[in-house]
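Listing of start_35.cif; format and content: mmCIF, N, CA and C atoms.
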```cif
data_target
#
loop_
_atom_site.label_atom_id
_atom_site.label_comp_id
_atom_site.auth_asym_id
_atom_site.auth_seq_id
_atom_site.Cartn_x
_atom_site.Cartn_y
_atom_site.Cartn_z
N MET A 975 0.87 -1.16 0.00
CA MET A 975 0.00 0.00 0.00
C MET A 975 0.91 1.21 0.00
N GLY A 976 0.64 2.33 0.50
CA GLY A 976 1.60 3.40 0.64
C GLY A 976 1.35 4.59 -0.25
N ASP A 977 2.07 4.66 -1.38
CA ASP A 977 2.03 5.84 -2.24
C ASP A 977 0.68 6.07 -2.89
N ASP A 978 -0.12 5.02 -3.04
CA ASP A 978 -1.41 5.19 -3.69
C ASP A 978 -2.48 5.73 -2.74
N ILE A 979 -2.10 5.96 -1.50
CA ILE A 979 -3.04 6.52 -0.54
C ILE A 979 -3.07 8.03 -0.71
N ARG A 980 -4.26 8.54 -0.88
CA ARG A 980 -4.40 9.99 -0.99
C ARG A 980 -4.71 10.57 0.38
N ARG A 981 -4.40 11.83 0.53
CA ARG A 981 -4.62 12.52 1.80
C ARG A 981 -6.09 12.66 2.13
N ASN A 982 -6.97 12.48 1.14
CA ASN A 982 -8.40 12.63 1.42
C ASN A 982 -9.12 11.29 1.47
N MET A 983 -8.38 10.20 1.59
CA MET A 983 -8.98 8.88 1.70
C MET A 983 -9.52 8.68 3.13
N ALA A 984 -10.74 8.22 3.23
CA ALA A 984 -11.38 7.99 4.54
C ALA A 984 -10.70 6.83 5.24
N LEU A 985 -10.05 7.10 6.37
CA LEU A 985 -9.30 6.07 7.08
C LEU A 985 -9.64 5.94 8.56
N PHE A 986 -9.83 7.07 9.23
CA PHE A 986 -9.88 7.08 10.69
C PHE A 986 -11.30 7.23 11.23
N PRO A 987 -11.71 6.33 12.13
CA PRO A 987 -12.99 6.53 12.82
C PRO A 987 -12.86 7.65 13.84
N ILE A 988 -13.97 8.15 14.34
CA ILE A 988 -13.96 9.32 15.22
C ILE A 988 -13.16 9.07 16.50
N GLY A 989 -13.15 7.85 16.99
CA GLY A 989 -12.40 7.54 18.21
C GLY A 989 -10.92 7.81 18.06
N ILE A 990 -10.35 7.42 16.94
CA ILE A 990 -8.93 7.66 16.69
C ILE A 990 -8.68 9.15 16.49
N VAL A 991 -9.58 9.82 15.78
CA VAL A 991 -9.43 11.26 15.55
C VAL A 991 -9.48 12.01 16.88
N MET A 992 -10.32 11.58 17.79
CA MET A 992 -10.39 12.20 19.11
C MET A 992 -9.05 12.09 19.82
N LYS A 993 -8.42 10.92 19.75
CA LYS A 993 -7.12 10.73 20.39
C LYS A 993 -6.03 11.55 19.71
N LEU A 994 -6.07 11.62 18.39
CA LEU A 994 -5.04 12.34 17.65
C LEU A 994 -5.11 13.85 17.84
N THR A 995 -6.31 14.36 18.03
CA THR A 995 -6.50 15.82 18.09
C THR A 995 -6.79 16.35 19.49
N ASP A 996 -7.06 15.49 20.44
CA ASP A 996 -7.48 15.89 21.78
C ASP A 996 -8.76 16.72 21.74
N LEU A 997 -9.62 16.44 20.78
CA LEU A 997 -10.93 17.07 20.70
C LEU A 997 -11.99 16.04 21.10
N SER A 998 -13.10 16.51 21.62
CA SER A 998 -14.19 15.60 21.97
C SER A 998 -15.02 15.29 20.73
N ALA A 999 -15.81 14.23 20.79
CA ALA A 999 -16.69 13.88 19.68
C ALA A 999 -17.68 15.02 19.44
N ARG A 1000 -18.13 15.64 20.50
CA ARG A 1000 -19.06 16.76 20.37
C ARG A 1000 -18.43 17.92 19.60
N GLN A 1001 -17.17 18.25 19.91
CA GLN A 1001 -16.48 19.32 19.20
C GLN A 1001 -16.34 18.98 17.72
N ILE A 1002 -15.95 17.76 17.44
CA ILE A 1002 -15.75 17.33 16.06
C ILE A 1002 -17.07 17.40 15.29
N ARG A 1003 -18.15 16.91 15.90
CA ARG A 1003 -19.46 16.99 15.25
C ARG A 1003 -19.89 18.44 15.04
N TYR A 1004 -19.55 19.32 15.98
CA TYR A 1004 -19.88 20.74 15.87
C TYR A 1004 -19.17 21.37 14.66
N TYR A 1005 -17.90 21.05 14.49
CA TYR A 1005 -17.15 21.58 13.34
C TYR A 1005 -17.69 21.02 12.03
N GLU A 1006 -18.16 19.78 12.08
CA GLU A 1006 -18.79 19.19 10.88
C GLU A 1006 -20.10 19.92 10.58
N GLN A 1007 -20.87 20.20 11.60
CA GLN A 1007 -22.15 20.89 11.44
C GLN A 1007 -21.94 22.27 10.79
N HIS A 1008 -20.83 22.91 11.12
CA HIS A 1008 -20.51 24.22 10.56
C HIS A 1008 -19.72 24.12 9.25
N GLU A 1009 -19.66 22.92 8.69
CA GLU A 1009 -19.03 22.66 7.39
C GLU A 1009 -17.55 23.04 7.34
N LEU A 1010 -16.88 22.92 8.48
CA LEU A 1010 -15.44 23.15 8.51
C LEU A 1010 -14.69 21.88 8.16
N ILE A 1011 -15.32 20.74 8.37
CA ILE A 1011 -14.81 19.46 7.92
C ILE A 1011 -15.97 18.70 7.29
N MET A 1012 -15.66 17.72 6.47
CA MET A 1012 -16.70 16.95 5.80
C MET A 1012 -16.23 15.48 5.72
N PRO A 1013 -16.32 14.76 6.85
CA PRO A 1013 -15.90 13.36 6.82
C PRO A 1013 -16.84 12.53 5.95
N ALA A 1014 -16.31 11.43 5.45
CA ALA A 1014 -17.12 10.51 4.66
C ALA A 1014 -17.97 9.67 5.62
N ARG A 1015 -18.98 9.05 5.09
CA ARG A 1015 -19.85 8.18 5.89
C ARG A 1015 -19.88 6.79 5.26
N THR A 1016 -19.82 5.77 6.11
CA THR A 1016 -19.94 4.40 5.63
C THR A 1016 -21.41 4.11 5.40
N SER A 1017 -21.70 2.94 4.87
CA SER A 1017 -23.09 2.55 4.66
C SER A 1017 -23.84 2.47 5.99
N GLY A 1018 -23.13 2.22 7.09
CA GLY A 1018 -23.72 2.19 8.42
C GLY A 1018 -23.74 3.56 9.08
N ASN A 1019 -23.42 4.61 8.33
CA ASN A 1019 -23.43 6.01 8.76
C ASN A 1019 -22.31 6.37 9.73
N GLN A 1020 -21.25 5.55 9.78
CA GLN A 1020 -20.10 5.85 10.63
C GLN A 1020 -19.24 6.90 9.93
N ARG A 1021 -18.78 7.90 10.66
CA ARG A 1021 -17.89 8.91 10.11
C ARG A 1021 -16.49 8.32 9.95
N LEU A 1022 -15.88 8.60 8.80
CA LEU A 1022 -14.48 8.23 8.58
C LEU A 1022 -13.74 9.48 8.13
N PHE A 1023 -12.62 9.75 8.77
CA PHE A 1023 -11.87 10.96 8.55
C PHE A 1023 -10.58 10.68 7.77
N SER A 1024 -10.12 11.67 7.04
CA SER A 1024 -8.90 11.56 6.25
C SER A 1024 -7.77 12.32 6.94
N PHE A 1025 -6.56 12.21 6.35
CA PHE A 1025 -5.44 13.01 6.83
C PHE A 1025 -5.78 14.49 6.75
N ASN A 1026 -6.43 14.90 5.66
CA ASN A 1026 -6.82 16.31 5.50
C ASN A 1026 -7.76 16.75 6.62
N ASP A 1027 -8.71 15.88 6.98
CA ASP A 1027 -9.64 16.21 8.06
C ASP A 1027 -8.91 16.40 9.39
N VAL A 1028 -7.99 15.50 9.68
CA VAL A 1028 -7.24 15.58 10.94
C VAL A 1028 -6.41 16.87 10.97
N GLU A 1029 -5.75 17.16 9.87
CA GLU A 1029 -4.94 18.37 9.81
C GLU A 1029 -5.82 19.62 9.96
N ARG A 1030 -6.96 19.60 9.33
CA ARG A 1030 -7.87 20.75 9.42
C ARG A 1030 -8.40 20.90 10.85
N LEU A 1031 -8.72 19.79 11.51
CA LEU A 1031 -9.17 19.87 12.91
C LEU A 1031 -8.08 20.45 13.80
N LEU A 1032 -6.83 20.10 13.53
CA LEU A 1032 -5.73 20.66 14.32
C LEU A 1032 -5.58 22.16 14.06
N GLU A 1033 -5.81 22.58 12.82
CA GLU A 1033 -5.78 24.01 12.50
C GLU A 1033 -6.90 24.73 13.24
N ILE A 1034 -8.10 24.15 13.24
CA ILE A 1034 -9.24 24.74 13.95
C ILE A 1034 -8.93 24.84 15.44
N LYS A 1035 -8.39 23.77 16.00
CA LYS A 1035 -8.04 23.75 17.42
C LYS A 1035 -7.04 24.86 17.74
N SER A 1036 -6.05 25.04 16.89
CA SER A 1036 -5.05 26.08 17.09
C SER A 1036 -5.68 27.47 17.05
N LEU A 1037 -6.58 27.68 16.09
CA LEU A 1037 -7.25 28.98 15.99
C LEU A 1037 -8.14 29.25 17.20
N ILE A 1038 -8.84 28.23 17.67
CA ILE A 1038 -9.69 28.37 18.86
C ILE A 1038 -8.83 28.76 20.06
N GLU A 1039 -7.67 28.10 20.19
CA GLU A 1039 -6.77 28.39 21.31
C GLU A 1039 -6.23 29.82 21.25
N LYS A 1040 -6.19 30.38 20.05
CA LYS A 1040 -5.73 31.77 19.88
C LYS A 1040 -6.86 32.77 20.07
N GLY A 1041 -8.07 32.27 20.34
CA GLY A 1041 -9.20 33.14 20.62
C GLY A 1041 -10.08 33.48 19.43
N VAL A 1042 -9.88 32.78 18.32
CA VAL A 1042 -10.70 33.02 17.13
C VAL A 1042 -12.01 32.27 17.29
N ASN A 1043 -13.12 32.94 17.00
CA ASN A 1043 -14.43 32.28 17.11
C ASN A 1043 -14.77 31.56 15.79
N ILE A 1044 -15.88 30.86 15.77
CA ILE A 1044 -16.27 30.07 14.60
C ILE A 1044 -16.43 30.95 13.37
N ALA A 1045 -17.02 32.13 13.53
CA ALA A 1045 -17.19 33.03 12.38
C ALA A 1045 -15.83 33.42 11.81
N GLY A 1046 -14.86 33.67 12.68
CA GLY A 1046 -13.51 34.00 12.23
C GLY A 1046 -12.84 32.83 11.55
N ILE A 1047 -13.05 31.65 12.10
CA ILE A 1047 -12.46 30.44 11.50
C ILE A 1047 -13.05 30.22 10.11
N LYS A 1048 -14.35 30.46 9.96
CA LYS A 1048 -14.97 30.31 8.65
C LYS A 1048 -14.38 31.29 7.64
N GLN A 1049 -13.92 32.46 8.11
CA GLN A 1049 -13.30 33.42 7.22
C GLN A 1049 -11.89 32.95 6.82
N VAL A 1050 -11.20 32.33 7.76
CA VAL A 1050 -9.83 31.87 7.51
C VAL A 1050 -9.83 30.58 6.70
N LEU A 1051 -10.66 29.63 7.10
CA LEU A 1051 -10.73 28.33 6.44
C LEU A 1051 -11.99 28.28 5.59
N ILE A 1052 -11.82 28.11 4.33
CA ILE A 1052 -12.96 28.02 3.42
C ILE A 1052 -13.75 26.76 3.76
N PRO A 1053 -15.07 26.87 3.90
CA PRO A 1053 -15.88 25.68 4.19
C PRO A 1053 -15.66 24.58 3.14
N VAL A 1054 -15.70 23.35 3.60
CA VAL A 1054 -15.48 22.20 2.72
C VAL A 1054 -16.83 21.75 2.18
N THR A 1055 -16.88 21.46 0.89
CA THR A 1055 -18.09 20.90 0.29
C THR A 1055 -17.76 19.51 -0.24
N ARG A 1056 -18.78 18.75 -0.51
CA ARG A 1056 -18.57 17.39 -1.03
C ARG A 1056 -17.80 17.39 -2.35
N ASP A 1057 -17.91 18.48 -3.11
CA ASP A 1057 -17.26 18.55 -4.42
C ASP A 1057 -15.84 19.10 -4.36
N SER A 1058 -15.41 19.61 -3.19
CA SER A 1058 -14.09 20.21 -3.11
C SER A 1058 -13.00 19.15 -3.15
N GLU A 1059 -11.80 19.60 -3.51
CA GLU A 1059 -10.66 18.69 -3.62
C GLU A 1059 -10.29 18.08 -2.29
N GLU A 1060 -10.54 18.79 -1.19
CA GLU A 1060 -10.15 18.31 0.13
C GLU A 1060 -11.22 17.46 0.81
N ALA A 1061 -12.36 17.29 0.19
CA ALA A 1061 -13.42 16.50 0.80
C ALA A 1061 -12.97 15.04 0.93
N THR A 1062 -13.32 14.45 2.03
CA THR A 1062 -12.96 13.06 2.28
C THR A 1062 -13.79 12.16 1.38
N VAL A 1063 -13.11 11.22 0.73
CA VAL A 1063 -13.79 10.34 -0.21
C VAL A 1063 -13.80 8.91 0.30
N ILE A 1064 -14.86 8.24 -0.03
CA ILE A 1064 -14.96 6.83 0.28
C ILE A 1064 -15.54 6.16 -0.96
N THR A 1065 -14.75 5.31 -1.54
CA THR A 1065 -15.19 4.56 -2.71
C THR A 1065 -15.08 3.08 -2.38
N GLU A 1066 -15.60 2.27 -3.24
CA GLU A 1066 -15.52 0.82 -3.01
C GLU A 1066 -14.06 0.38 -2.91
N GLN A 1067 -13.23 0.93 -3.78
CA GLN A 1067 -11.80 0.58 -3.79
C GLN A 1067 -11.10 1.04 -2.51
N THR A 1068 -11.34 2.29 -2.11
CA THR A 1068 -10.67 2.79 -0.91
C THR A 1068 -11.20 2.11 0.36
N GLU A 1069 -12.46 1.78 0.38
CA GLU A 1069 -13.03 1.08 1.53
C GLU A 1069 -12.43 -0.31 1.66
N THR A 1070 -12.23 -0.98 0.54
CA THR A 1070 -11.59 -2.31 0.55
C THR A 1070 -10.18 -2.20 1.08
N LYS A 1071 -9.43 -1.20 0.61
CA LYS A 1071 -8.05 -1.01 1.08
C LYS A 1071 -8.03 -0.71 2.57
N ARG A 1072 -8.95 0.12 3.03
CA ARG A 1072 -8.98 0.48 4.45
C ARG A 1072 -9.25 -0.75 5.31
N ARG A 1073 -10.16 -1.59 4.87
CA ARG A 1073 -10.49 -2.80 5.64
C ARG A 1073 -9.34 -3.79 5.67
N GLU A 1074 -8.52 -3.80 4.61
CA GLU A 1074 -7.39 -4.72 4.54
C GLU A 1074 -6.22 -4.29 5.43
N MET A 1075 -6.19 -3.01 5.79
CA MET A 1075 -5.08 -2.49 6.57
C MET A 1075 -5.25 -2.83 8.04
N ASN A 1076 -4.15 -3.21 8.65
CA ASN A 1076 -4.19 -3.42 10.09
C ASN A 1076 -3.65 -2.15 10.77
N ASP A 1077 -3.69 -2.11 12.08
CA ASP A 1077 -3.26 -0.92 12.82
C ASP A 1077 -1.81 -0.57 12.55
N GLN A 1078 -0.97 -1.59 12.39
CA GLN A 1078 0.45 -1.34 12.13
C GLN A 1078 0.64 -0.64 10.79
N GLN A 1079 -0.09 -1.07 9.77
CA GLN A 1079 0.02 -0.44 8.45
C GLN A 1079 -0.51 1.00 8.50
N LEU A 1080 -1.60 1.21 9.23
CA LEU A 1080 -2.16 2.55 9.36
C LEU A 1080 -1.17 3.46 10.10
N HIS A 1081 -0.54 2.94 11.13
CA HIS A 1081 0.48 3.66 11.89
C HIS A 1081 1.64 4.05 10.96
N LYS A 1082 2.07 3.12 10.13
CA LYS A 1082 3.17 3.37 9.19
C LYS A 1082 2.79 4.47 8.18
N MET A 1083 1.56 4.41 7.68
CA MET A 1083 1.09 5.43 6.73
C MET A 1083 1.04 6.80 7.39
N LEU A 1084 0.56 6.85 8.62
CA LEU A 1084 0.48 8.12 9.34
C LEU A 1084 1.88 8.69 9.53
N LYS A 1085 2.83 7.84 9.88
CA LYS A 1085 4.20 8.27 10.07
C LYS A 1085 4.79 8.81 8.76
N GLN A 1086 4.51 8.13 7.65
CA GLN A 1086 5.00 8.59 6.34
C GLN A 1086 4.41 9.96 6.00
N GLN A 1087 3.13 10.15 6.28
CA GLN A 1087 2.49 11.43 6.00
C GLN A 1087 3.08 12.54 6.86
N LEU A 1088 3.38 12.21 8.10
CA LEU A 1088 3.93 13.22 9.00
C LEU A 1088 5.30 13.70 8.54
N PHE A 1089 6.11 12.77 8.12
CA PHE A 1089 7.48 13.12 7.81
C PHE A 1089 7.74 13.37 6.34
N ALA A 1090 6.73 13.17 5.50
CA ALA A 1090 6.88 13.50 4.08
C ALA A 1090 6.88 15.01 3.90
N GLY A 1091 6.09 15.70 4.68
CA GLY A 1091 6.06 17.17 4.63
C GLY A 1091 5.43 17.69 3.36
N ARG A 1092 4.35 18.41 3.51
CA ARG A 1092 3.67 18.98 2.35
C ARG A 1092 4.38 20.22 1.85
N ARG A 1093 5.06 20.92 2.76
CA ARG A 1093 5.75 22.15 2.39
C ARG A 1093 7.23 21.97 2.69
N PRO A 1094 8.08 21.95 1.67
CA PRO A 1094 9.52 21.76 1.90
C PRO A 1094 10.08 22.81 2.85
N GLY A 1095 10.85 22.33 3.82
CA GLY A 1095 11.51 23.25 4.74
C GLY A 1095 10.65 23.71 5.90
N LYS A 1096 9.39 23.33 5.94
CA LYS A 1096 8.49 23.75 7.01
C LYS A 1096 7.90 22.53 7.69
N VAL A 1097 7.75 22.63 8.99
CA VAL A 1097 7.10 21.57 9.75
C VAL A 1097 5.61 21.87 9.73
N SER A 1098 4.82 20.89 9.34
CA SER A 1098 3.38 21.11 9.29
C SER A 1098 2.79 21.05 10.68
N LEU A 1099 1.64 21.63 10.83
CA LEU A 1099 0.92 21.61 12.10
C LEU A 1099 0.63 20.18 12.52
N ILE A 1100 0.23 19.37 11.57
CA ILE A 1100 -0.10 17.98 11.89
C ILE A 1100 1.14 17.23 12.37
N GLN A 1101 2.29 17.52 11.81
CA GLN A 1101 3.51 16.85 12.24
C GLN A 1101 3.82 17.20 13.68
N GLY A 1102 3.70 18.47 14.03
CA GLY A 1102 3.99 18.89 15.40
C GLY A 1102 3.03 18.29 16.40
N GLU A 1103 1.76 18.22 16.06
CA GLU A 1103 0.76 17.71 16.98
C GLU A 1103 0.79 16.18 17.09
N LEU A 1104 1.03 15.50 15.99
CA LEU A 1104 0.88 14.05 15.99
C LEU A 1104 2.18 13.30 16.24
N SER A 1105 3.31 13.99 16.20
CA SER A 1105 4.59 13.30 16.38
C SER A 1105 4.70 12.67 17.76
N ARG A 1106 3.91 13.16 18.72
CA ARG A 1106 3.94 12.59 20.07
C ARG A 1106 3.46 11.15 20.12
N PHE A 1107 2.78 10.68 19.06
CA PHE A 1107 2.26 9.33 19.05
C PHE A 1107 3.30 8.31 18.59
N PHE A 1108 4.51 8.78 18.27
CA PHE A 1108 5.54 7.88 17.77
C PHE A 1108 6.68 7.83 18.77
N HIS A 1109 6.73 6.77 19.51
CA HIS A 1109 7.74 6.60 20.56
C HIS A 1109 8.89 5.74 20.09
N GLN A 1110 8.93 5.40 18.82
CA GLN A 1110 9.95 4.48 18.32
C GLN A 1110 11.19 5.23 17.92
#
```

Written form, structure tokens:
Amino acid sequence: MGDDIRRNMALFPIGIVMKLTDLSARQIRYYEQHELIMPARTSGNQRLFSFNDVERLLEIKSLIEKGVNIAGIKQVLIPVTRDSEEATVITEQTETKRREMNDQQLHKMLKQQLFAGRRPGKVSLIQGELSRFFHQ
């Protein structure tokens, strides 16, 4: 697996996202309600989040900690729509791949995303927040 994983592939259930971001399920649902994130839904209506969703939640958390309210965050972060490039996708192919992955493979993918760096020479917000989960 690996390189064929896109940053907007639905991978993480809300429980894992809560641990990664230190946000409550209520907070995450609130940000979804305000269209700041748009997780994919399984046929059983379970939310699945992508790397983009996690990074965006960390950006929201950082802005909240700086005293920015939801209206301000909406001005800074363009609301996500189902048609946008950053919207989390779930297809038959990606769902099959997600089900085939075990926790170790998911951990490895997360580590690759953290250290691949989207912006050369800069540490991303997600890298700073999530690097604490790697004790190896």

- Task: Would you work out the distance separating atom CA of A:Phe986 from atom CA of A:Phe1023, expressed in Å to one decimal?
- Result: 4.9 Å

- Task: Using only C-alpha atoms, find all polymer residues with an atom at most 12 Å away from the point (-19.5, 20.5, 12.0); report them as a ChimeraX atom specification.
- Result: /A:999-1013,1021,1027,1030-1031,1034,1044,1048,1053-1055

- Task: Could you check how far atom N of A:Ser1017 sits from atom CA of A:Thr995, in Å to one decimal?
- Result: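 Pair atom N of A:Ser1017 / atom CA of A:Thr995 returns 23.9 Å.
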
- Message: Taking all atoms listed in the file into account, name the residue in A:Leu1037, A:Leu1051, A:Ala1045, A:Ile988 that is nearest to A:Gln1020.
- Response: A:Ile988

- Task: Rounded to one decimal place, report the atom N of A:Glu1039-atom N of A:Thr1016 distance in Å.
- Result: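 Answer for the atom N of A:Glu1039 to atom N of A:Thr1016 separation: 29.1 Å.
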